[in-house]
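Chemist: Below is the file target_5.tsv, with TSV, C-alpha atoms.
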```tsv
chain	number	residue	atom	x	y	z
A	307	MET	CA	14.88	-20.91	-6.84
A	308	ALA	CA	13.92	-17.46	-5.54
A	309	ALA	CA	15.59	-14.06	-5.22
A	310	GLN	CA	18.11	-13.54	-2.42
A	311	ASP	CA	15.77	-11.31	-0.43
A	312	PHE	CA	12.98	-13.91	-0.39
A	313	GLN	CA	13.81	-15.49	2.98
A	314	GLY	CA	14.15	-12.15	4.74
A	315	TRP	CA	10.86	-10.99	3.27
A	316	LEU	CA	9.05	-14.27	3.97
A	317	ALA	CA	9.65	-14.28	7.74
A	318	TRP	CA	8.16	-10.81	8.19
A	319	HIS	CA	5.38	-11.47	5.68
A	320	LEU	CA	4.22	-14.63	7.47
A	321	ALA	CA	4.26	-12.80	10.80
A	322	SER	CA	2.05	-10.04	9.36
A	323	LEU	CA	-0.15	-12.64	7.68
A	324	PHE	CA	-0.81	-14.45	10.97
A	325	ASN	CA	-1.83	-11.19	12.67
A	326	ARG	CA	-4.01	-10.39	9.67
A	327	ASP	CA	-5.77	-13.76	9.98
A	328	VAL	CA	-6.36	-13.23	13.70
A	329	LEU	CA	-7.83	-9.78	13.00
A	330	GLN	CA	-10.05	-11.28	10.31
A	331	VAL	CA	-11.44	-13.84	12.80
A	332	LEU	CA	-12.02	-11.08	15.35
A	333	SER	CA	-13.77	-8.76	12.90
A	334	SER	CA	-15.95	-11.56	11.50
A	335	GLN	CA	-17.21	-12.39	14.99
A	336	ALA	CA	-17.72	-8.70	15.72
A	337	LEU	CA	-19.88	-8.34	12.59
A	338	LEU	CA	-22.05	-11.30	13.58
A	339	VAL	CA	-22.53	-9.93	17.10
A	340	ALA	CA	-23.30	-6.47	15.74
A	341	VAL	CA	-25.90	-7.67	13.24
A	342	SER	CA	-27.59	-9.75	15.93
A	343	ARG	CA	-27.80	-6.67	18.16
A	344	SER	CA	-28.88	-4.22	15.46
A	345	SER	CA	-32.44	-4.13	16.70
A	346	ALA	CA	-32.96	-0.46	15.87
A	347	THR	CA	-32.06	-0.80	12.21
A	348	ALA	CA	-33.74	-4.16	11.94
A	349	SER	CA	-36.95	-2.79	13.44
A	350	SER	CA	-37.08	-0.02	10.84
A	351	VAL	CA	-36.79	-2.59	8.07
A	352	VAL	CA	-39.42	-4.77	9.75
A	353	ASP	CA	-41.85	-1.86	10.08
A	354	SER	CA	-41.43	-0.70	6.51
A	355	LEU	CA	-41.32	-4.05	4.73
A	356	GLY	CA	-43.27	-6.31	7.05
A	357	LEU	CA	-40.36	-8.72	7.40
A	358	THR	CA	-39.22	-10.74	10.36
A	359	VAL	CA	-36.26	-9.53	12.40
A	360	GLU	CA	-34.17	-12.44	11.10
A	361	VAL	CA	-34.89	-11.55	7.47
A	362	ALA	CA	-34.20	-7.88	8.16
A	363	ALA	CA	-30.83	-8.74	9.69
A	364	ALA	CA	-30.01	-10.99	6.73
A	365	THR	CA	-30.93	-8.13	4.37
A	366	GLN	CA	-28.49	-5.82	6.15
A	367	TRP	CA	-25.79	-8.48	5.92
A	368	VAL	CA	-26.20	-8.72	2.16
A	369	LEU	CA	-26.51	-4.97	1.58
A	370	LYS	CA	-23.25	-4.19	3.40
A	371	ASP	CA	-21.24	-5.81	0.57
A	372	ALA	CA	-22.67	-3.71	-2.28
A	373	PRO	CA	-20.46	-0.59	-1.88
A	374	GLY	CA	-17.34	-2.76	-1.85
A	375	SER	CA	-17.84	-3.66	-5.50
A	376	LEU	CA	-17.79	0.03	-6.42
A	377	ALA	CA	-14.55	0.50	-4.48
A	378	THR	CA	-12.98	-2.43	-6.33
A	379	LEU	CA	-13.92	-0.91	-9.69
A	380	ALA	CA	-12.65	2.54	-8.72
A	381	VAL	CA	-9.28	1.40	-7.36
A	382	GLY	CA	-8.75	-1.19	-10.09
A	383	SER	CA	-9.36	1.33	-12.87
A	384	ARG	CA	-7.21	4.14	-11.47
A	385	GLY	CA	-4.60	2.71	-9.11
A	386	GLY	CA	-2.81	-0.03	-11.05
A	387	GLN	CA	0.03	2.06	-12.47
A	388	ASN	CA	0.72	3.64	-9.09
A	389	PHE	CA	1.07	0.19	-7.51
A	390	ASP	CA	3.74	-0.82	-10.02
A	391	GLU	CA	5.64	2.45	-9.69
A	392	ASP	CA	5.89	2.33	-5.90
A	393	PRO	CA	5.14	-1.23	-4.72
A	394	LYS	CA	6.73	-1.07	-1.27
A	395	ARG	CA	4.90	2.03	-0.12
A	396	TRP	CA	1.54	0.98	-1.59
A	397	TRP	CA	1.77	-2.47	-0.05
A	398	VAL	CA	2.18	-0.94	3.41
A	399	VAL	CA	-0.51	1.68	2.75
A	400	THR	CA	-3.09	-0.83	1.50
A	401	SER	CA	-2.34	-3.04	4.50
A	402	ALA	CA	-3.02	-0.11	6.84
A	403	VAL	CA	-6.27	0.74	5.02
A	404	GLU	CA	-7.41	-2.87	5.37
A	405	ASP	CA	-6.67	-2.65	9.10
A	406	ALA	CA	-8.78	0.51	9.29
A	407	ALA	CA	-11.67	-1.51	7.86
A	408	ARG	CA	-11.14	-4.22	10.49
A	409	PHE	CA	-11.05	-1.54	13.18
A	410	VAL	CA	-14.45	-0.21	12.11
A	411	GLU	CA	-15.89	-3.74	12.16
A	412	VAL	CA	-14.50	-4.49	15.62
A	413	LEU	CA	-16.21	-1.35	16.99
A	414	LEU	CA	-19.65	-2.19	15.59
A	415	PRO	CA	-20.83	-4.38	18.53
A	416	LEU	CA	-20.60	-1.23	20.68
A	417	HIS	CA	-22.91	0.64	18.27
A	418	PRO	CA	-25.10	-2.02	16.61
A	419	GLY	CA	-27.59	0.56	15.38
A	420	TRP	CA	-24.89	1.74	12.98
A	421	PHE	CA	-24.31	-1.74	11.59
A	422	LEU	CA	-25.32	-1.13	7.98
A	423	PRO	CA	-23.43	2.16	7.34
A	424	GLY	CA	-20.47	1.01	9.44
A	425	ALA	CA	-20.18	-2.37	7.74
A	426	ALA	CA	-20.62	-0.75	4.33
A	427	LEU	CA	-17.81	1.72	5.08
A	428	ALA	CA	-15.56	-1.10	6.24
A	429	ASN	CA	-16.35	-3.06	3.08
A	430	VAL	CA	-15.44	-0.08	0.89
A	431	LEU	CA	-12.09	0.33	2.64
A	432	ARG	CA	-11.27	-3.36	2.62
A	433	SER	CA	-12.30	-3.97	-1.00
A	434	GLY	CA	-10.23	-1.05	-2.24
A	435	ALA	CA	-7.25	-2.12	-0.15
A	436	LEU	CA	-7.44	-5.74	-1.30
A	437	VAL	CA	-7.19	-4.70	-4.96
A	438	GLY	CA	-3.81	-3.14	-4.24
A	439	ARG	CA	-2.62	-5.76	-1.78
A	440	GLN	CA	-3.44	-8.76	-3.97
A	441	SER	CA	-2.13	-7.19	-7.17
A	442	LEU	CA	1.15	-6.37	-5.43
A	443	VAL	CA	1.67	-9.67	-3.58
A	444	ASN	CA	0.48	-11.90	-6.43
A	445	GLY	CA	1.94	-9.70	-9.17
A	446	THR	CA	4.83	-7.29	-8.65
A	447	ILE	CA	6.36	-8.90	-5.56
A	448	LEU	CA	6.06	-12.55	-6.58
A	449	ARG	CA	7.34	-11.74	-10.09
A	450	HIS	CA	10.42	-10.26	-8.46
A	451	PHE	CA	11.04	-13.48	-6.52
A	452	ALA	CA	10.53	-15.83	-9.49
A	453	LEU	CA	14.00	-16.03	-11.05
A	454	ARG	CA	13.39	-19.12	-13.20
A	455	GLU	CA	9.81	-18.74	-14.37
A	456	ASN	CA	8.67	-20.47	-11.16
A	457	LEU	CA	6.00	-17.96	-10.18
A	458	GLY	CA	3.36	-20.67	-9.88
A	459	ASP	CA	5.52	-22.76	-7.56
A	460	ILE	CA	6.27	-19.83	-5.25
A	461	ARG	CA	2.65	-18.74	-5.18
A	462	ALA	CA	1.42	-22.28	-4.42
A	463	LYS	CA	3.82	-22.61	-1.49
A	464	LEU	CA	2.78	-19.23	-0.11
A	465	GLU	CA	-0.88	-20.22	-0.41
A	466	ALA	CA	-0.20	-23.44	1.52
A	467	GLN	CA	1.67	-21.58	4.24
A	468	GLY	CA	-1.13	-19.03	4.37
A	469	ARG	CA	-3.74	-21.76	4.91
A	470	ILE	CA	-1.71	-23.20	7.80
A	471	LEU	CA	-1.56	-19.77	9.41
A	472	ALA	CA	-5.29	-19.23	8.87
A	473	ILE	CA	-6.06	-22.51	10.66
A	474	ALA	CA	-3.74	-21.58	13.53
A	475	ALA	CA	-5.35	-18.13	13.76
A	476	LEU	CA	-8.87	-19.54	14.25
A	477	PRO	CA	-8.58	-20.64	17.91
A	478	VAL	CA	-6.46	-17.59	18.73
A	479	GLY	CA	-9.03	-15.20	17.24
A	480	ILE	CA	-12.00	-16.98	18.83
A	481	GLY	CA	-10.32	-17.07	22.24
A	482	LEU	CA	-9.30	-13.41	22.08
A	483	PHE	CA	-12.77	-12.30	21.03
A	484	ARG	CA	-14.49	-14.17	23.85
A	485	TRP	CA	-12.00	-12.88	26.38
A	486	THR	CA	-12.23	-9.25	25.28
A	487	GLN	CA	-16.03	-9.42	25.05
A	488	GLY	CA	-16.08	-10.59	28.66
A	489	LEU	CA	-13.81	-7.73	29.64
A	490	ALA	CA	-15.73	-5.01	27.81
A	491	THR	CA	-19.27	-5.93	28.95
A	492	VAL	CA	-20.68	-6.37	32.45
A	493	SER	CA	-24.17	-6.85	33.85
A	494	ASN	CA	-25.75	-3.78	35.45
A	495	ALA	CA	-28.22	-3.67	38.34
A	496	SER	CA	-31.18	-4.39	36.05
A	497	GLY	CA	-29.50	-7.45	34.59
A	498	ASN	CA	-28.75	-5.86	31.20
A	499	GLU	CA	-25.33	-5.69	29.57
A	500	ALA	CA	-23.34	-2.49	29.98
A	501	VAL	CA	-19.91	-1.35	28.82
A	502	SER	CA	-17.10	-1.58	31.36
A	503	PRO	CA	-14.71	1.38	30.80
A	504	ALA	CA	-11.75	-0.44	32.33
A	505	GLY	CA	-12.47	-3.63	30.42
A	506	LEU	CA	-12.99	-1.69	27.20
A	507	ALA	CA	-9.63	0.04	27.67
A	508	LEU	CA	-7.88	-3.30	28.17
A	509	ALA	CA	-9.63	-4.83	25.15
A	510	SER	CA	-8.64	-1.78	23.09
A	511	ALA	CA	-5.02	-2.24	24.18
A	512	VAL	CA	-5.12	-5.88	23.03
A	513	TYR	CA	-6.61	-4.98	19.65
A	514	GLY	CA	-4.28	-2.01	19.28
A	515	THR	CA	-1.27	-4.25	19.87
A	516	LEU	CA	-2.48	-6.58	17.12
A	517	PHE	CA	-3.01	-3.71	14.66
A	518	LEU	CA	0.33	-2.06	15.37
A	519	SER	CA	2.35	-5.28	15.30
A	520	LYS	CA	0.73	-6.37	12.04
A	521	ASN	CA	1.60	-3.07	10.37
A	522	TYR	CA	5.13	-3.18	11.78
A	523	PHE	CA	5.67	-6.67	10.37
A	524	CYS	CA	4.32	-5.53	7.01
A	525	TYR	CA	6.66	-2.53	7.04
A	526	ARG	CA	9.65	-4.76	7.79
A	527	ALA	CA	8.64	-7.13	5.00
A	528	ALA	CA	8.46	-4.21	2.55
A	529	LYS	CA	11.80	-2.89	3.77
A	530	ALA	CA	13.39	-6.31	3.15
A	531	LEU	CA	12.54	-6.17	-0.57
A	532	ARG	CA	15.48	-5.55	-2.92
A	533	PHE	CA	14.06	-4.97	-6.40
A	534	ASP	CA	16.66	-5.43	-9.14
A	535	ASN	CA	14.68	-3.60	-11.82
A	536	LEU	CA	14.82	0.17	-12.20
A	537	ASN	CA	11.67	2.25	-12.18
A	538	ALA	CA	11.92	6.04	-12.48
A	539	ASN	CA	12.59	6.54	-8.77
A	540	ARG	CA	15.24	3.82	-8.46
A	541	LEU	CA	16.94	4.95	-11.66
A	542	VAL	CA	17.29	8.51	-10.36
A	543	LEU	CA	18.57	7.26	-6.99
A	544	ALA	CA	21.10	4.97	-8.68
A	545	ALA	CA	22.31	7.76	-10.98
A	546	ARG	CA	22.58	10.20	-8.06
A	547	SER	CA	24.60	7.71	-6.03
A	548	TYR	CA	26.93	7.09	-8.99
A	549	VAL	CA	27.49	10.82	-9.52
A	550	LYS	CA	28.35	11.27	-5.82
A	551	THR	CA	30.54	8.20	-5.30
A	552	GLY	CA	31.77	7.24	-8.77
A	553	GLU	CA	30.59	3.66	-8.19
A	554	ALA	CA	27.45	1.92	-9.39
A	555	PRO	CA	25.23	1.07	-6.38
A	556	THR	CA	24.00	-2.47	-5.75
A	557	PRO	CA	20.27	-3.31	-5.59
A	558	SER	CA	20.56	-3.45	-1.78
A	559	GLU	CA	22.08	0.03	-1.67
A	560	VAL	CA	19.37	1.41	-3.96
A	561	ALA	CA	16.71	-0.27	-1.79
A	562	ASN	CA	18.11	1.45	1.30
A	563	LEU	CA	18.05	4.79	-0.50
A	564	GLU	CA	14.51	4.15	-1.72
A	565	GLY	CA	13.12	3.23	1.69
A	566	VAL	CA	9.42	2.61	2.24
A	567	TYR	CA	7.93	5.92	3.35
A	568	ALA	CA	10.55	8.26	1.87
A	569	PRO	CA	8.77	11.04	-0.08
A	570	ARG	CA	9.09	10.22	-3.76
A	571	GLY	CA	8.36	13.77	-4.90
A	572	ARG	CA	11.48	15.08	-3.20
A	573	GLN	CA	13.59	12.28	-4.65
A	574	LEU	CA	12.35	12.92	-8.19
A	575	ASP	CA	12.30	16.71	-8.04
A	576	ARG	CA	15.88	17.34	-9.21
A	577	VAL	CA	15.64	15.14	-12.29
A	578	ARG	CA	12.06	14.85	-13.44
A	579	PHE	CA	11.39	12.11	-15.99
A	580	GLY	CA	8.40	12.20	-18.30
A	581	ALA	CA	8.34	15.96	-18.74
A	582	SER	CA	6.13	17.13	-21.58
A	583	PHE	CA	7.62	18.86	-24.60
A	584	GLU	CA	5.59	21.97	-23.73
A	585	GLY	CA	7.15	22.10	-20.26
A	586	LEU	CA	10.61	21.58	-21.70
A	587	ARG	CA	10.05	24.32	-24.28
A	588	GLU	CA	9.00	26.72	-21.53
A	589	ALA	CA	12.13	25.92	-19.51
A	590	ALA	CA	14.45	26.22	-22.52
A	591	GLY	CA	12.96	29.46	-23.81
A	592	SER	CA	14.84	30.94	-26.75
A	593	ALA	CA	17.51	28.22	-26.49
A	594	LEU	CA	15.08	25.49	-27.59
A	595	ASP	CA	16.53	25.16	-31.10
A	596	ASP	CA	20.07	24.85	-29.73
A	597	LEU	CA	18.87	22.27	-27.20
A	598	ILE	CA	17.23	20.15	-29.90
A	599	GLU	CA	20.34	20.34	-32.04
A	600	ALA	CA	22.59	19.34	-29.11
A	601	HIS	CA	20.48	16.21	-28.50
A	602	GLU	CA	20.03	15.32	-32.15
A	603	GLY	CA	21.59	11.86	-31.83
A	604	GLU	CA	20.10	11.07	-28.42
A	605	GLY	CA	16.83	9.44	-27.40
A	606	TYR	CA	15.97	12.24	-24.99
A	607	LEU	CA	16.06	16.00	-24.38
A	608	LEU	CA	17.37	17.70	-21.23
A	609	ALA	CA	16.48	21.20	-20.09
A	610	ALA	CA	17.66	22.96	-16.93
A	611	ARG	CA	15.21	24.87	-14.74
A	612	GLY	CA	15.69	27.03	-11.64
A	613	ARG	CA	18.85	28.03	-9.80
A	614	GLY	CA	20.62	27.09	-6.56
A	615	ARG	CA	18.59	24.82	-4.27
A	616	GLU	CA	15.65	25.10	-6.65
A	617	ALA	CA	17.73	23.85	-9.57
A	618	GLY	CA	16.41	20.87	-11.46
A	619	VAL	CA	16.43	19.12	-14.81
A	620	LEU	CA	13.52	18.17	-17.03
A	621	VAL	CA	13.86	14.97	-19.06
A	622	CYS	CA	11.69	14.60	-22.15
A	623	VAL	CA	12.02	11.09	-23.58
A	624	LYS	CA	11.73	10.71	-27.34
A	625	GLY	CA	9.63	8.05	-28.97
A	626	GLY	CA	11.55	4.84	-29.63
A	627	CYS	CA	14.23	5.51	-27.02
A	628	THR	CA	16.12	2.53	-25.59
A	629	ASP	CA	16.88	1.53	-22.00
A	630	GLU	CA	20.41	2.77	-22.60
A	631	ASP	CA	19.03	6.19	-23.58
A	632	VAL	CA	16.98	6.37	-20.37
A	633	ALA	CA	19.97	5.42	-18.19
A	634	LYS	CA	22.16	7.94	-19.99
A	635	ALA	CA	19.53	10.65	-19.53
A	636	ALA	CA	19.40	9.94	-15.79
A	637	LEU	CA	23.19	10.18	-15.43
A	638	GLN	CA	23.51	13.36	-17.48
A	639	GLY	CA	20.52	14.86	-15.71
A	640	GLU	CA	22.08	14.24	-12.29
A	641	ILE	CA	25.43	15.67	-13.43
A	642	LEU	CA	23.70	18.77	-14.80
A	643	ALA	CA	21.59	19.22	-11.65
A	644	ALA	CA	24.65	18.84	-9.38
A	645	ARG	CA	26.57	21.48	-11.35
A	646	ARG	CA	23.68	23.91	-11.17
A	647	GLU	CA	23.24	23.38	-7.44
A	648	ALA	CA	26.93	24.14	-7.01
A	649	GLY	CA	26.47	27.39	-8.94
A	650	GLY	CA	28.08	26.25	-12.18
A	651	GLU	CA	26.98	26.99	-15.69
A	652	GLY	CA	24.92	23.84	-15.88
A	653	GLU	CA	26.15	22.71	-19.28
A	654	LEU	CA	27.31	19.19	-20.19
```
Go through the file and emit its structure as structure tokens.
Modeler:
Amino acid sequence: MAAQDFQGWLAWHLASLFNRDVLQVLSSQALLVAVSRSSATASSVVDSLGLTVEVAAATQWVLKDAPGSLATLAVGSRGGQNFDEDPKRWWVVTSAVEDAARFVEVLLPLHPGWFLPGAALANVLRSGALVGRQSLVNGTILRHFALRENLGDIRAKLEAQGRILAIAALPVGIGLFRWTQGLATVSNASGNEAVSPAGLALASAVYGTLFLSKNYFCYRAAKALRFDNLNANRLVLAARSYVKTGEAPTPSEVANLEGVYAPRGRQLDRVRFGASFEGLREAAGSALDDLIEAHEGEGYLLAARGRGREAGVLVCVKGGCTDEDVAKAALQGEILAARREAGGEGEL
């Protein structure tokens, strides 16, 4: 059994996954063509190390993967919390970054002398993106779908479906690459290969369609997600909706408010969770003692800041606060912010 939004998400996810597999086949062939043509870089290695051209090309192929490990370490050590806080946006962003890496790889046959730096750059982008993509798909998103501790079952089925799509993408990717290579290159008067501007434009349109459609499918998959847990952003949106309508919003309604690309800073600006005590003390000024006394039995402190459209509320959560305290702080913070925006006294 899976969450209600699973089927809607799955259709778009599989569509994006098929395009991703096709792009992977295209970029892999492009890398092989580029390394076979990288005579300039290979010659420099041959001259300096006394190696054969084949060994020099193999050396470049191995060296291109080294920077990717550094990107994996950097993103894994610093990006994990951000992925959990905003999974929909980061899933789409990491997918786009991975496509940027594929785009660099697809261009390399046109500039084979840049194979090593170009392939290394692509590997950095892809490795960093895959850390986020895999941690989100295999972690946050699949956990959301697993209602009965059946995460392993859902993941196994997705892996099987992914393998089927990968097999189907092989002939499509191979056929597209051969066709576009034939379009982009022609023989000149001396019998050498040259770039055909018209063919290159058509090949670019084909690749561009693949990139855009893949990112559109990924966006629609992210938009289909209806998380039923409340992070800071969803909690504020739910509290704001309740204050405006008097009714508790459903997960679907909160998901629509959350969106995918909606700026989170603007959404969280009125009621800012996680404010430091120093920031709260600065906002409260001489009324700090009264503020602490007013919240003596609560698991949080609220302090108003600004006036009019700049009005906002700082929320400083006390140690040992409960989920009920956090929800109550969000509601009271939204009520206080709404009163201050309306020009009221801003007191609860």
Chemist: Which residues, protein or nucleic acid, reach to within 8 Å of (21.2, 11.8, -12.2) in the file's coordinates when using all atoms listed in the file, and can you give that as a PyMOL selection string?
Modeler: chain A and resi 542-546+549+577+635-643
Chemist: When you count only C-alpha atoms, which of these residues is closest to A:Leu413: A:Phe483, A:Leu337, A:Pro503, A:Ser441?
Modeler: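 Residue with the minimum atom-to-atom distance to A:Leu413: A:Leu337.
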Chemist: As a list in words, please: the residues near A:Ala528 (cut-off 8 Å, all atoms listed in the file, same-chain neighbours under 3 positions excluded).
Modeler: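 The residues satisfying every condition are Trp315, Lys394, Arg395, Trp397, Val398, Cys524, Tyr525, Leu531 and Val566 of chain A.
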Chemist: Could you turn the residues from that selection into a file that holds C-alpha atoms, as a PDB file, keeping the file's coordinate frame?
Modeler:
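Final file, out-v2.pdb:
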```
ATOM      1  CA  TRP A 315      10.860 -10.990   3.270  1.00  0.00           C
ATOM      2  CA  LYS A 394       6.730  -1.070  -1.270  1.00  0.00           C
ATOM      3  CA  ARG A 395       4.900   2.030  -0.120  1.00  0.00           C
ATOM      4  CA  TRP A 397       1.770  -2.470  -0.050  1.00  0.00           C
ATOM      5  CA  VAL A 398       2.180  -0.940   3.410  1.00  0.00           C
ATOM      6  CA  CYS A 524       4.320  -5.530   7.010  1.00  0.00           C
ATOM      7  CA  TYR A 525       6.660  -2.530   7.040  1.00  0.00           C
ATOM      8  CA  LEU A 531      12.540  -6.170  -0.570  1.00  0.00           C
ATOM      9  CA  VAL A 566       9.420   2.610   2.240  1.00  0.00           C
TER      10      VAL A 566
END
```
Chemist: Would you list the contacts of A:Val339 as a PyMOL selection string, taking every protein, DNA or RNA residue within 12 Å and counting only C-alpha atoms, but skipping same-chain residues closer than 5 positions in sequence?
Modeler: chain A and resi 332-334+344-345+363+367+411-419+421+483-484+487
Chemist: Give me a file of those residues, with C-alpha atoms, as a PDB file, keeping the file's coordinate frame.
Modeler:
```pdb
ATOM      1  CA  LEU A 332     -12.020 -11.080  15.350  1.00  0.00           C
ATOM      2  CA  SER A 333     -13.770  -8.760  12.900  1.00  0.00           C
ATOM      3  CA  SER A 334     -15.950 -11.560  11.500  1.00  0.00           C
ATOM      4  CA  SER A 344     -28.880  -4.220  15.460  1.00  0.00           C
ATOM      5  CA  SER A 345     -32.440  -4.130  16.700  1.00  0.00           C
ATOM      6  CA  ALA A 363     -30.830  -8.740   9.690  1.00  0.00           C
ATOM      7  CA  TRP A 367     -25.790  -8.480   5.920  1.00  0.00           C
ATOM      8  CA  GLU A 411     -15.890  -3.740  12.160  1.00  0.00           C
ATOM      9  CA  VAL A 412     -14.500  -4.490  15.620  1.00  0.00           C
ATOM     10  CA  LEU A 413     -16.210  -1.350  16.990  1.00  0.00           C
ATOM     11  CA  LEU A 414     -19.650  -2.190  15.590  1.00  0.00           C
ATOM     12  CA  PRO A 415     -20.830  -4.380  18.530  1.00  0.00           C
ATOM     13  CA  LEU A 416     -20.600  -1.230  20.680  1.00  0.00           C
ATOM     14  CA  HIS A 417     -22.910   0.640  18.270  1.00  0.00           C
ATOM     15  CA  PRO A 418     -25.100  -2.020  16.610  1.00  0.00           C
ATOM     16  CA  GLY A 419     -27.590   0.560  15.380  1.00  0.00           C
ATOM     17  CA  PHE A 421     -24.310  -1.740  11.590  1.00  0.00           C
ATOM     18  CA  PHE A 483     -12.770 -12.300  21.030  1.00  0.00           C
ATOM     19  CA  ARG A 484     -14.490 -14.170  23.850  1.00  0.00           C
ATOM     20  CA  GLN A 487     -16.030  -9.420  25.050  1.00  0.00           C
TER      21      GLN A 487
END
```
Chemist: Step by step: start from the point (-3.6, -9.1, 13.1) in the file's coordinates, keep every protein, DNA or RNA residue that has an atom no farther than 7 Å from it, count only C-alpha atoms, and write the set as JSON, numbers by chain.
Modeler: {"A": [322, 324, 325, 326, 327, 328, 329, 516, 517, 520]}
Chemist: May I ask which of the residues A:Val403, A:Leu586, A:Ala530, A:Ile598 is the closest one to A:Glu559, counting all atoms listed in the file?
Modeler: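 Ranked by minimum distance to A:Glu559, first place goes to A:Ala530.
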Chemist: Measure the distance from atom CA of A:Thr551 to atom CA of A:Leu563 in Å and round it to one decimal.
Modeler: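 Value for the atom CA of A:Thr551-atom CA of A:Leu563 distance: 13.8 Å.
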Chemist: For A:Ser375, which residue among A:Ala340, A:Glu391, A:Arg461, A:Arg432 is the nearest when counting only C-alpha atoms?
Modeler: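 Comparing A:Ala340, A:Glu391, A:Arg461, A:Arg432 against A:Ser375, the winner is A:Arg432.
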